[in-house]
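As provided, data00.tsv (TSV, C-alpha atoms and all ligand atoms) reads as follows.
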```tsv
chain	number	residue	atom	x	y	z
A	792	MET	CA	-70.29	-47.31	-36.06
A	793	LYS	CA	-74.03	-47.46	-35.70
A	794	ASN	CA	-76.59	-46.11	-38.13
A	795	VAL	CA	-74.12	-45.49	-40.90
A	796	ARG	CA	-75.03	-46.98	-44.21
A	797	LYS	CA	-72.57	-47.39	-46.97
A	798	TRP	CA	-73.14	-47.83	-50.63
A	799	VAL	CA	-71.45	-51.10	-51.27
A	800	LEU	CA	-71.06	-51.18	-54.98
A	801	ALA	CA	-68.84	-52.94	-57.38
A	802	GLY	CA	-68.84	-49.50	-58.95
A	803	VAL	CA	-66.59	-48.18	-56.21
A	804	LEU	CA	-63.69	-50.27	-57.35
A	805	ALA	CA	-64.61	-50.00	-61.01
A	806	GLY	CA	-64.75	-46.23	-60.68
A	807	LEU	CA	-61.41	-46.00	-58.97
A	808	PHE	CA	-59.44	-48.54	-60.90
A	809	GLY	CA	-61.43	-49.00	-64.13
A	810	GLY	CA	-58.88	-47.08	-66.12
A	811	SER	CA	-56.28	-49.73	-65.54
A	812	ILE	CA	-58.36	-52.56	-66.98
A	813	ALA	CA	-56.76	-53.27	-70.34
A	814	VAL	CA	-59.96	-54.22	-72.22
A	815	ASP	CA	-61.53	-50.84	-71.58
A	816	GLN	CA	-58.50	-48.74	-72.35
A	817	VAL	CA	-59.47	-47.66	-75.84
A	818	GLN	CA	-63.13	-47.03	-75.13
A	819	SER	CA	-62.48	-45.10	-71.95
A	820	ARG	CA	-60.48	-42.48	-73.83
A	821	SER	CA	-63.52	-41.47	-75.81
A	822	VAL	CA	-65.51	-40.97	-72.61
A	823	GLN	CA	-65.46	-37.53	-71.00
A	824	ALA	CA	-63.26	-37.09	-67.97
A	825	ALA	CA	-64.73	-38.39	-64.71
A	826	LEU	CA	-65.73	-35.97	-62.00
A	827	VAL	CA	-62.85	-34.91	-59.83
A	828	LEU	CA	-63.34	-36.27	-56.33
A	829	GLN	CA	-61.72	-34.28	-53.58
A	830	PRO	CA	-61.48	-37.01	-50.97
A	831	ALA	CA	-62.58	-36.36	-47.39
A	832	ARG	CA	-64.21	-38.70	-44.92
A	833	SER	CA	-67.13	-37.67	-42.78
A	834	VAL	CA	-70.40	-38.99	-41.46
A	835	GLU	CA	-73.35	-36.80	-42.41
A	836	THR	CA	-77.10	-36.64	-41.92
A	837	VAL	CA	-79.73	-35.70	-44.54
A	838	VAL	CA	-81.52	-32.53	-43.45
A	839	ASP	CA	-85.24	-32.22	-43.94
A	840	HIS	CA	-85.75	-30.22	-47.10
A	841	SER	CA	-88.67	-31.84	-48.91
A	842	SER	CA	-91.12	-34.64	-48.36
A	843	ALA	CA	-89.75	-36.62	-51.28
A	844	GLY	CA	-86.29	-36.85	-49.82
A	845	LEU	CA	-82.91	-35.95	-51.20
A	846	ASN	CA	-82.20	-36.71	-54.87
A	847	VAL	CA	-79.41	-39.14	-55.56
A	848	TYR	CA	-77.49	-38.51	-58.75
A	849	THR	CA	-75.28	-40.90	-60.63
A	850	GLU	CA	-72.36	-40.06	-62.75
A	851	GLN	CA	-72.64	-40.59	-66.49
A	852	LYS	CA	-69.90	-39.37	-68.80
A	853	GLY	CA	-68.86	-36.66	-66.41
A	854	GLN	CA	-72.43	-35.46	-65.88
A	855	LEU	CA	-74.69	-36.04	-62.91
A	856	VAL	CA	-78.12	-37.43	-63.74
A	857	PHE	CA	-80.97	-38.17	-61.36
A	858	SER	CA	-80.95	-41.84	-60.44
A	859	GLY	CA	-84.60	-42.05	-59.43
A	860	ARG	CA	-83.59	-42.68	-55.83
A	861	HIS	CA	-84.11	-40.53	-52.77
A	862	LEU	CA	-82.61	-40.47	-49.33
A	863	ALA	CA	-84.98	-39.89	-46.45
A	864	ALA	CA	-84.40	-36.95	-44.14
A	865	GLY	CA	-82.65	-37.91	-40.93
A	866	THR	CA	-80.75	-40.83	-42.42
A	867	THR	CA	-77.00	-40.94	-41.95
A	868	TRP	CA	-74.37	-41.64	-44.59
A	869	GLN	CA	-70.67	-41.97	-45.03
A	870	VAL	CA	-69.28	-39.24	-47.29
A	871	PHE	CA	-66.11	-39.94	-49.25
A	872	GLY	CA	-65.46	-36.52	-50.73
A	873	HIS	CA	-66.83	-33.67	-52.78
A	874	THR	CA	-66.87	-32.18	-56.26
A	875	THR	CA	-68.15	-28.89	-57.60
A	876	ILE	CA	-70.08	-28.60	-60.87
A	877	GLN	CA	-71.14	-25.12	-62.00
A	878	GLU	CA	-70.83	-23.73	-58.49
A	879	THR	CA	-72.95	-26.49	-56.94
A	880	ARG	CA	-71.17	-28.66	-54.44
A	881	TYR	CA	-71.91	-32.36	-54.42
A	882	ALA	CA	-71.01	-34.99	-51.84
A	883	ASN	CA	-69.92	-38.44	-52.92
A	884	LEU	CA	-71.58	-41.33	-51.10
A	885	GLY	CA	-69.38	-44.00	-52.61
A	886	GLY	CA	-69.01	-45.18	-56.18
A	887	THR	CA	-70.84	-42.92	-58.61
A	888	GLN	CA	-73.52	-41.84	-56.13
A	889	TRP	CA	-73.77	-38.11	-55.42
A	890	VAL	CA	-76.09	-35.75	-53.57
A	891	GLU	CA	-76.12	-31.99	-53.21
A	892	ALA	CA	-73.82	-31.26	-50.31
A	893	LYS	CA	-75.91	-28.42	-48.89
A	894	TYR	CA	-78.59	-30.94	-47.84
A	895	LEU	CA	-76.15	-32.85	-45.66
A	896	ARG	CA	-75.00	-31.85	-42.21
A	897	PRO	CA	-71.90	-33.33	-40.63
A	898	GLN	CA	-72.59	-34.97	-37.32
A	899	GLN	CA	-71.68	-32.69	-34.48
A	900	PRO	CA	-69.39	-34.48	-32.10
A	901	GLN	CA	-71.17	-35.45	-28.91
A	902	LEU	CA	-68.83	-34.41	-26.16
A	903	LYS	CA	-68.84	-36.95	-23.36
A	904	ARG	CA	-68.01	-34.67	-20.47
A	905	ASP	CA	-65.25	-36.07	-18.30
A	906	ARG	CA	-62.79	-33.50	-17.04
A	907	ARG	CA	-59.32	-34.89	-16.67
A	908	LEU	CA	-55.76	-33.86	-16.69
A	909	ILE	CA	-53.94	-35.53	-19.52
A	910	GLN	CA	-50.31	-35.70	-20.33
A	911	ILE	CA	-49.09	-35.81	-23.90
A	912	HIS	CA	-47.20	-38.95	-24.71
A	913	TYR	CA	-45.74	-39.22	-28.12
A	914	VAL	CA	-42.64	-41.19	-28.64
A	915	PRO	CA	-40.08	-40.31	-29.91
A	916	GLY	CA	-41.31	-36.84	-29.06
A	917	TYR	CA	-42.11	-34.79	-32.11
A	918	GLY	CA	-45.31	-33.59	-30.55
A	919	VAL	CA	-48.96	-34.21	-31.25
A	920	ASN	CA	-51.14	-32.34	-33.72
A	921	LEU	CA	-53.78	-30.05	-32.32
A	922	TRP	CA	-56.82	-30.21	-34.59
A	923	ARG	CA	-59.86	-28.05	-35.17
A	924	LEU	CA	-63.16	-29.18	-36.60
A	925	THR	CA	-64.49	-27.29	-39.62
A	926	ALA	CA	-68.15	-26.51	-40.27
A	927	THR	CA	-68.16	-29.33	-42.83
A	928	GLY	CA	-67.03	-31.87	-40.26
A	929	GLN	CA	-63.38	-32.12	-41.29
A	930	LEU	CA	-60.51	-32.11	-38.86
A	931	VAL	CA	-57.78	-29.77	-39.98
A	932	GLY	CA	-54.46	-29.08	-38.33
A	933	THR	CA	-54.13	-25.84	-36.40
A	934	GLY	CA	-50.43	-25.85	-37.08
A	935	ARG	CA	-49.82	-26.24	-33.34
A	936	ARG	CA	-48.13	-29.23	-31.86
A	937	LEU	CA	-48.29	-30.21	-28.23
A	938	ARG	CA	-44.97	-31.31	-26.85
A	939	HIS	CA	-44.35	-34.69	-25.30
A	940	GLY	CA	-44.70	-34.55	-21.53
A	941	THR	CA	-46.81	-31.38	-21.42
A	942	ARG	CA	-50.04	-31.43	-19.44
A	943	TRP	CA	-53.48	-30.27	-20.49
A	944	ARG	CA	-56.96	-30.16	-19.12
A	945	SER	CA	-59.43	-32.16	-21.20
A	946	LEU	CA	-63.15	-31.41	-20.99
A	947	GLY	CA	-64.07	-34.85	-22.31
A	948	THR	CA	-63.97	-37.07	-25.36
A	949	ALA	CA	-65.94	-37.27	-28.59
A	950	GLN	CA	-66.14	-39.56	-31.57
A	951	ILE	CA	-65.17	-37.74	-34.74
A	952	ASN	CA	-65.28	-39.65	-38.01
A	953	GLY	CA	-65.03	-42.90	-36.11
A	954	GLN	CA	-62.09	-42.01	-33.88
A	955	THR	CA	-61.86	-40.81	-30.31
A	956	PHE	CA	-60.56	-37.33	-29.60
A	957	TYR	CA	-59.95	-35.37	-26.42
A	958	ASN	CA	-61.41	-31.89	-26.35
A	959	LEU	CA	-58.98	-29.35	-24.90
A	960	GLY	CA	-61.54	-26.57	-24.68
A	961	GLY	CA	-63.30	-24.76	-27.50
A	962	ASN	CA	-62.57	-26.15	-30.92
A	963	GLN	CA	-59.32	-27.88	-30.00
A	964	TRP	CA	-58.88	-31.61	-30.33
A	965	ILE	CA	-56.17	-34.21	-30.03
A	966	ALA	CA	-56.28	-37.87	-30.94
A	967	HIS	CA	-57.06	-39.80	-27.78
A	968	GLN	CA	-54.23	-42.31	-28.03
A	969	TYR	CA	-51.69	-39.55	-27.42
A	970	GLY	CA	-53.27	-38.20	-24.29
A	971	TRP	CA	-52.58	-40.00	-21.07
A	972	ILE	CA	-54.81	-39.69	-18.08
A	973	THR	CA	-52.54	-38.55	-15.31
A	974	ASN	CA	-54.99	-38.48	-12.47
A	975	LEU	CA	-58.60	-39.32	-11.85
A	976	ASP	CA	-59.76	-36.27	-10.00
A	977	GLY	CA	-58.34	-33.76	-12.45
A	978	GLN	CA	-57.69	-31.42	-9.55
A	979	GLY	CA	-53.99	-31.07	-10.00
A	980	ARG	CA	-52.70	-33.96	-7.92
A	981	ILE	CA	-50.53	-35.00	-10.82
A	982	GLY	CA	-47.51	-36.90	-9.73
A	983	ARG	CA	-48.36	-36.81	-6.06
A	984	PRO	CA	-48.44	-40.28	-4.58
A	985	THR	CA	-51.88	-41.74	-3.86
A	986	TYR	CA	-52.27	-43.54	-0.52
A	987	LEU	CA	-55.43	-45.51	0.24
A	988	LYS	CA	-55.78	-47.45	3.53
A	989	GLY	CA	-52.16	-46.52	4.10
A	990	VAL	CA	-51.08	-48.38	0.97
A	991	LEU	CA	-49.35	-46.59	-1.89
A	992	LEU	CA	-51.31	-47.06	-5.11
A	993	VAL	CA	-49.40	-46.74	-8.37
A	994	ASN	CA	-51.10	-47.66	-11.60
A	995	LYS	CA	-52.01	-46.16	-14.96
A	996	LEU	CA	-54.21	-43.56	-13.28
A	997	ASN	CA	-52.06	-42.83	-10.27
A	998	GLY	CA	-48.58	-41.59	-11.00
A	999	ILE	CA	-45.77	-40.55	-8.69
A	1000	GLY	CA	-43.96	-37.97	-10.78
A	1001	GLN	CA	-40.27	-37.93	-11.53
A	1002	ARG	CA	-38.61	-37.66	-8.16
A	1003	PHE	CA	-40.60	-39.90	-5.85
A	1004	GLY	CA	-39.32	-43.34	-5.00
A	1005	GLY	CA	-36.04	-45.15	-4.57
A	1006	SER	CA	-34.79	-48.41	-3.24
A	1007	ASN	CA	-36.90	-49.43	-0.22
A	1008	PRO	CA	-35.10	-51.14	2.71
A	1009	THR	CA	-38.28	-52.66	4.21
A	1010	ALA	CA	-39.31	-54.21	0.91
A	1011	ASN	CA	-35.74	-55.35	0.23
A	1012	ALA	CA	-35.58	-57.12	3.59
A	1013	ALA	CA	-38.94	-58.80	3.03
A	1014	LEU	CA	-37.81	-59.95	-0.40
A	1015	TRP	CA	-34.67	-61.45	1.11
A	1016	LYS	CA	-36.78	-63.51	3.52
A	1017	LEU	CA	-39.06	-64.64	0.70
A	1018	GLN	CA	-36.06	-65.71	-1.39
A	1019	GLN	CA	-34.65	-67.68	1.56
A	1020	ALA	CA	-37.96	-69.49	2.05
A	1021	ALA	CA	-38.23	-70.24	-1.66
A	1022	ARG	CA	-34.72	-71.71	-1.70
A	1023	ALA	CA	-35.55	-73.85	1.34
A	1024	ALA	CA	-38.58	-75.16	-0.57
A	1025	GLY	CA	-36.37	-76.01	-3.53
A	1026	HIS	CA	-37.18	-73.06	-5.82
A	1027	ALA	CA	-34.63	-70.62	-7.17
A	1028	MET	CA	-36.12	-67.16	-6.86
A	1029	PRO	CA	-33.58	-64.75	-8.37
A	1030	ARG	CA	-34.33	-61.06	-8.36
A	1031	ILE	CA	-34.56	-59.92	-11.99
A	1032	SER	CA	-35.61	-56.33	-11.49
A	1033	GLY	CA	-36.34	-54.14	-8.49
A	1034	TYR	CA	-36.09	-50.38	-8.14
A	1035	ARG	CA	-36.02	-48.58	-11.46
A	1036	SER	CA	-35.54	-44.83	-11.77
A	1037	TYR	CA	-37.81	-42.53	-13.74
A	1038	GLY	CA	-35.04	-41.99	-16.26
A	1039	TYR	CA	-34.53	-45.70	-16.76
A	1040	GLN	CA	-38.27	-46.21	-17.27
A	1041	VAL	CA	-38.21	-43.49	-19.95
A	1042	LYS	CA	-35.60	-45.49	-21.82
A	1043	LEU	CA	-37.44	-48.80	-21.35
A	1044	TYR	CA	-40.79	-47.43	-22.43
A	1045	ARG	CA	-39.33	-45.74	-25.50
A	1046	ASP	CA	-37.67	-48.97	-26.55
A	1047	TYR	CA	-40.93	-50.90	-26.11
A	1048	VAL	CA	-42.87	-48.35	-28.14
A	1049	ALA	CA	-40.25	-48.38	-30.88
A	1050	THR	CA	-40.60	-52.16	-31.06
A	1051	ASP	CA	-44.33	-52.74	-30.55
A	1052	GLY	CA	-46.09	-49.37	-30.83
A	1053	ILE	CA	-47.80	-47.40	-28.10
A	1054	ALA	CA	-50.97	-49.46	-27.75
A	1055	ALA	CA	-49.15	-52.76	-27.34
A	1056	ALA	CA	-46.44	-51.32	-25.10
A	1057	ASP	CA	-49.09	-49.95	-22.75
A	1058	GLN	CA	-50.43	-53.44	-22.15
A	1059	TYR	CA	-47.23	-54.59	-20.53
A	1060	SER	CA	-45.14	-51.54	-19.71
A	1061	ALA	CA	-45.76	-48.63	-17.39
A	1062	ARG	CA	-45.16	-45.15	-18.68
A	1063	PRO	CA	-42.47	-43.15	-16.90
A	1064	GLY	CA	-43.76	-41.88	-13.56
A	1065	PHE	CA	-46.43	-44.61	-13.44
A	1066	SER	CA	-44.28	-47.64	-12.68
A	1067	GLU	CA	-44.41	-49.47	-9.36
A	1068	HIS	CA	-40.76	-50.27	-9.84
A	1069	GLN	CA	-39.97	-46.60	-9.23
A	1070	THR	CA	-41.34	-46.98	-5.68
A	1071	GLY	CA	-38.85	-49.69	-4.76
A	1072	LEU	CA	-41.78	-51.78	-3.54
A	1073	ALA	CA	-42.07	-53.99	-6.64
A	1074	PHE	CA	-39.85	-56.76	-7.91
A	1075	ASP	CA	-39.73	-59.07	-10.88
A	1076	ILE	CA	-38.46	-62.39	-9.58
A	1077	GLY	CA	-38.01	-66.03	-10.43
A	1078	THR	CA	-37.94	-65.95	-14.23
A	1079	THR	CA	-36.06	-64.08	-16.92
A	1080	ASP	CA	-38.57	-65.16	-19.60
A	1081	LEU	CA	-41.39	-62.96	-18.34
A	1082	GLU	CA	-44.02	-65.33	-19.75
A	1083	ALA	CA	-47.46	-66.00	-18.30
A	1084	SER	CA	-46.62	-69.72	-18.31
A	1085	TYR	CA	-44.33	-69.05	-15.32
A	1086	GLY	CA	-47.48	-69.08	-13.20
A	1087	LYS	CA	-47.94	-72.77	-13.99
A	1088	THR	CA	-44.43	-73.81	-13.01
A	1089	ALA	CA	-43.68	-75.21	-9.57
A	1090	ALA	CA	-41.73	-72.07	-8.64
A	1091	GLY	CA	-44.46	-69.78	-9.95
A	1092	ARG	CA	-47.13	-71.66	-8.01
A	1093	TRP	CA	-45.03	-71.58	-4.85
A	1094	LEU	CA	-44.58	-67.83	-5.24
A	1095	ALA	CA	-48.33	-67.19	-5.65
A	1096	GLN	CA	-49.08	-69.43	-2.68
A	1097	ASN	CA	-46.47	-68.07	-0.26
A	1098	CYS	CA	-45.62	-64.46	-1.12
A	1099	ALA	CA	-48.31	-63.05	1.19
A	1100	THR	CA	-46.50	-64.53	4.20
A	1101	TYR	CA	-43.71	-62.04	3.48
A	1102	GLY	CA	-46.01	-59.11	2.67
A	1103	PHE	CA	-46.13	-59.46	-1.12
A	1104	ILE	CA	-48.94	-59.85	-3.61
A	1105	ILE	CA	-48.97	-60.94	-7.24
A	1106	ARG	CA	-49.75	-57.45	-8.42
A	1107	PHE	CA	-51.24	-58.25	-11.84
A	1108	PRO	CA	-53.29	-61.41	-11.37
A	1109	GLN	CA	-54.91	-63.45	-14.09
A	1110	GLY	CA	-58.47	-62.33	-14.82
A	1111	LYS	CA	-57.98	-58.88	-13.28
A	1112	GLU	CA	-56.55	-57.18	-16.34
A	1113	GLY	CA	-59.55	-54.86	-16.58
A	1114	LEU	CA	-58.87	-53.59	-13.07
A	1115	THR	CA	-55.10	-53.41	-12.95
A	1116	GLY	CA	-54.63	-52.30	-16.55
A	1117	TYR	CA	-51.95	-54.89	-17.16
A	1118	THR	CA	-51.72	-58.39	-18.51
A	1119	TYR	CA	-51.08	-61.24	-16.08
A	1120	GLU	CA	-47.56	-61.10	-14.63
A	1121	PRO	CA	-46.94	-64.05	-12.30
A	1122	TRP	CA	-43.38	-62.80	-11.65
A	1123	HIS	CA	-44.18	-59.22	-10.56
A	1124	VAL	CA	-44.66	-58.97	-6.81
A	1125	ARG	CA	-45.52	-55.85	-4.86
A	1126	TYR	CA	-44.81	-55.29	-1.18
A	1127	VAL	CA	-47.93	-54.10	0.67
A	1128	GLY	CA	-47.20	-55.47	4.17
A	1129	VAL	CA	-48.22	-58.81	5.62
A	1130	ALA	CA	-51.72	-57.92	6.86
A	1131	ALA	CA	-52.85	-56.37	3.56
A	1132	ALA	CA	-51.18	-59.09	1.50
A	1133	GLN	CA	-52.91	-61.87	3.41
A	1134	GLN	CA	-56.30	-60.23	3.15
A	1135	ILE	CA	-55.85	-59.62	-0.58
A	1136	LYS	CA	-54.82	-63.24	-1.13
A	1137	ALA	CA	-57.59	-64.70	1.02
A	1138	GLN	CA	-60.26	-62.73	-0.84
A	1139	GLY	CA	-58.72	-63.14	-4.28
A	1140	LEU	CA	-58.63	-59.42	-4.94
A	1141	SER	CA	-56.58	-57.12	-7.09
A	1142	LEU	CA	-54.94	-54.23	-5.26
A	1143	GLU	CA	-57.41	-51.85	-6.94
A	1144	GLU	CA	-60.35	-53.85	-5.53
A	1145	TYR	CA	-58.81	-54.06	-2.06
A	1146	LEU	CA	-58.23	-50.31	-1.97
A	1147	GLY	CA	-61.61	-49.48	-3.54
A	1148	ALA	CA	-59.83	-47.66	-6.35
A	1149	GLU	CA	-61.21	-47.09	-9.82
A	1150	SER	CA	-60.32	-49.57	-12.53
A	1151	ALA	CA	-57.02	-48.61	-14.07
A	1152	GLN	CA	-57.66	-50.03	-17.51
A	1153	ASN	CA	-56.87	-47.32	-20.00
A	1201	ZN	ZN	-42.39	-55.71	-12.90
```
Would you mind writing the structure in this file as structure tokens?
Amino acid sequence: MKNVRKWVLAGVLAGLFGGSIAVDQVQSRSVQAALVLQPARSVETVVDHSSAGLNVYTEQKGQLVFSGRHLAAGTTWQVFGHTTIQETRYANLGGTQWVEAKYLRPQQPQLKRDRRLIQIHYVPGYGVNLWRLTATGQLVGTGRRLRHGTRWRSLGTAQINGQTFYNLGGNQWIAHQYGWITNLDGQGRIGRPTYLKGVLLVNKLNGIGQRFGGSNPTANAALWKLQQAARAAGHAMPRISGYRSYGYQVKLYRDYVATDGIAAADQYSARPGFSEHQTGLAFDIGTTDLEASYGKTAAGRWLAQNCATYGFIIRFPQGKEGLTGYTYEPWHVRYVGVAAAQQIKAQGLSLEEYLGAESAQN
């Protein structure tokens, strides 16, 4: 975070844990109780209230005394909590440093406008907290939870206390990692297949809903020919995975999230309704290991070199992660037809580039 200064003081730790240091035990009992810190994190700016700047107080025996320091108006600080002494509220800037809270203003979130439809994803499905932002810059729960799978219109995103949140209109916020962009245009084409240049595009931004898809005879026949050619060239090319239903992808994705967490799972697994496997046009072939090193094996190199002849592309190429949204998968081929496949291979493109589609990196 830019422009945020922190008081880095040994006093922070001493203040928090000093009581447990054996040597000081006896002495510390004779000292008056420390100020009670009500912890809360926010980033706040000093408002212009005098030319001298804002007085900084330090804590001495439970009292606040002027430290001789000032903070200039317009400077920004991390606040760690508050305390109230004789009806005056003070903000803690770390350690034993305090300023009068009424001279600080929490940063207003800067909404980056970007209207999108988002779908709530929260596994295993308890729902996601809907937050509101208080006048003092704190996020507090509204008591509402948004259910897994429900869809909402987001007006944009904002940084609040160092984290990204979607704004769902007015003072309603959800943590950004639980919202999933379902479609780029935000015009309600959720789940409807996206065709560009006659090619079906399925990626993290272009879903196909629950019912679309199924085993595809054209792609199956092309795969059969590719497998025959591979065998003739001396490479076993077993089919590991082909058509997968929406329901099966739900189970897979949930298992991945349970094992690795949402962020990691999203790097290698499609969310339900966003998997090419549901179209019947994609196959995992040649290796059960599903390791990037497959691309360096003789079979993996043969596949990359020859799949276009049968209408397939390596869908998630190395170096195109920022466009496809997925890590390199030398075993995942996608049927796009011979003409498109050969053009994509010849020009070294990702499918997103070939179709002129927006980058699908989340
Ligand atoms: Zn795959």
Show me which residues sit within 7 Å of ligand ZN 1201 (chain A) when counting only C-alpha atoms and all ligand atoms, and put them as a PDB file with C-alpha atoms, in the coordinates of the input.
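What landed in selection.pdb:
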```
ATOM      1  CA  SER A1032     -35.610 -56.330 -11.490  1.00  0.00           C
ATOM      2  CA  HIS A1068     -40.760 -50.270  -9.840  1.00  0.00           C
ATOM      3  CA  ALA A1073     -42.070 -53.990  -6.640  1.00  0.00           C
ATOM      4  CA  PHE A1074     -39.850 -56.760  -7.910  1.00  0.00           C
ATOM      5  CA  ASP A1075     -39.730 -59.070 -10.880  1.00  0.00           C
ATOM      6  CA  HIS A1123     -44.180 -59.220 -10.560  1.00  0.00           C
TER       7      HIS A1123
END
```
Please give the centre and size of the box around region 1010-1015 of chain A (axis-aligned, containing every atom listed in the file, 6 Å added per side), with values in Å to one decimal and written as AutoDock Vina command-line options.
```
--center_x -37.0 --center_y -57.8 --center_z 1.6 --size_x 16.6 --size_y 19.2 --size_z 16.0
```
Among the residues A:Arg923, A:Lys903, A:Arg832, A:Arg1125, the one that comes closest to Asn883 (chain A) [using all atoms listed in the file]:
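Ranked by minimum distance to Asn883 (chain A), first place goes to A:Arg832.
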Using Å and a single decimal, report how far CA of Val993 (chain A) sits from CA of Ser1150 (chain A).
12.0 Å
Given the choices A:His939, A:Arg880, A:Arg1062, A:His873, which gets closest to Tyr1047 (chain A) if the distance is worked out from only C-alpha atoms?
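Distance minimum relative to Tyr1047 (chain A) lands on A:Arg1062.
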Do a neighbour search on region 841-856 of chain A at 8 Å with all atoms listed in the file, toss out local chain neighbours closer than 2 positions, and write the hits as a list in words.
Val822, Gln823, Ala824, Ala825, Leu826, Val837, Asp839, Ser858, Gly859, Arg860, His861, Leu862, Ala863, Ala864, Thr887, Gln888, Trp889, Val890, Glu891 and Tyr894 of chain A
Can you list every residue of region 1059-1121 of chain A that has an atom at most 7 Å from region 998-1013 of chain A, with its nearest atom pair and the distance in Å to one decimal, using all atoms listed in the file, ordered by chain then number, as a Markdown table?
```
| residue | atom | partner | partner_atom | distance |
| --- | --- | --- | --- | --- |
| A:Gly1064 | CA | A:Gly1000 | CA | 4.8 |
| A:Phe1065 | CA | A:Gly998 | CA | 4.4 |
| A:Gln1069 | CA | A:Gly1004 | CA | 5.4 |
| A:Thr1070 | CA | A:Gly1004 | CA | 4.2 |
| A:Gly1071 | CA | A:Ser1006 | CA | 4.5 |
| A:Leu1072 | CA | A:Ala1010 | CA | 5.6 |
| A:Tyr1101 | CA | A:Ala1013 | CA | 5.8 |
```
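Taking only C-alpha atoms into account, Val870 (chain A) lies nearest to A:Pro897 out of the set A:Pro1029, A:Pro897, A:Gly1102, A:Gly1077.
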Could you give me, as a CSV table (one decimal) with C-alpha atoms, in the frame of the given file, the residues within 12 Å of region 1088-1094 of chain A, counting all atoms listed in the file and dropping anything in the same chain fewer than 3 positions from it?
```csv
chain,number,residue,atom,x,y,z
A,1014,LEU,CA,-37.8,-60.0,-0.4
A,1017,LEU,CA,-39.1,-64.6,0.7
A,1018,GLN,CA,-36.1,-65.7,-1.4
A,1020,ALA,CA,-38.0,-69.5,2.0
A,1021,ALA,CA,-38.2,-70.2,-1.7
A,1022,ARG,CA,-34.7,-71.7,-1.7
A,1023,ALA,CA,-35.6,-73.8,1.3
A,1024,ALA,CA,-38.6,-75.2,-0.6
A,1025,GLY,CA,-36.4,-76.0,-3.5
A,1026,HIS,CA,-37.2,-73.1,-5.8
A,1027,ALA,CA,-34.6,-70.6,-7.2
A,1028,MET,CA,-36.1,-67.2,-6.9
A,1029,PRO,CA,-33.6,-64.8,-8.4
A,1075,ASP,CA,-39.7,-59.1,-10.9
A,1076,ILE,CA,-38.5,-62.4,-9.6
A,1077,GLY,CA,-38.0,-66.0,-10.4
A,1078,THR,CA,-37.9,-66.0,-14.2
A,1081,LEU,CA,-41.4,-63.0,-18.3
A,1082,GLU,CA,-44.0,-65.3,-19.8
A,1083,ALA,CA,-47.5,-66.0,-18.3
A,1084,SER,CA,-46.6,-69.7,-18.3
A,1085,TYR,CA,-44.3,-69.0,-15.3
A,1097,ASN,CA,-46.5,-68.1,-0.3
A,1098,CYS,CA,-45.6,-64.5,-1.1
A,1099,ALA,CA,-48.3,-63.0,1.2
A,1100,THR,CA,-46.5,-64.5,4.2
A,1101,TYR,CA,-43.7,-62.0,3.5
A,1102,GLY,CA,-46.0,-59.1,2.7
A,1103,PHE,CA,-46.1,-59.5,-1.1
A,1104,ILE,CA,-48.9,-59.8,-3.6
A,1105,ILE,CA,-49.0,-60.9,-7.2
A,1120,GLU,CA,-47.6,-61.1,-14.6
A,1121,PRO,CA,-46.9,-64.0,-12.3
A,1122,TRP,CA,-43.4,-62.8,-11.6
A,1123,HIS,CA,-44.2,-59.2,-10.6
A,1124,VAL,CA,-44.7,-59.0,-6.8
A,1136,LYS,CA,-54.8,-63.2,-1.1
```
CA of Leu1146 (chain A) and CA of Tyr1039 (chain A), how far apart in Å?
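Answer for the CA of Tyr1039 (chain A) to CA of Leu1146 (chain A) separation: 28.3 Å.
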Contacts of Gly1139 (chain A) at 12 Å or less, counting all atoms listed in the file, minus same-chain residues fewer than 4 places along, as a ChimeraX atom specification?
/A:1095-1096,1099,1104-1111,1131-1135,1143-1145
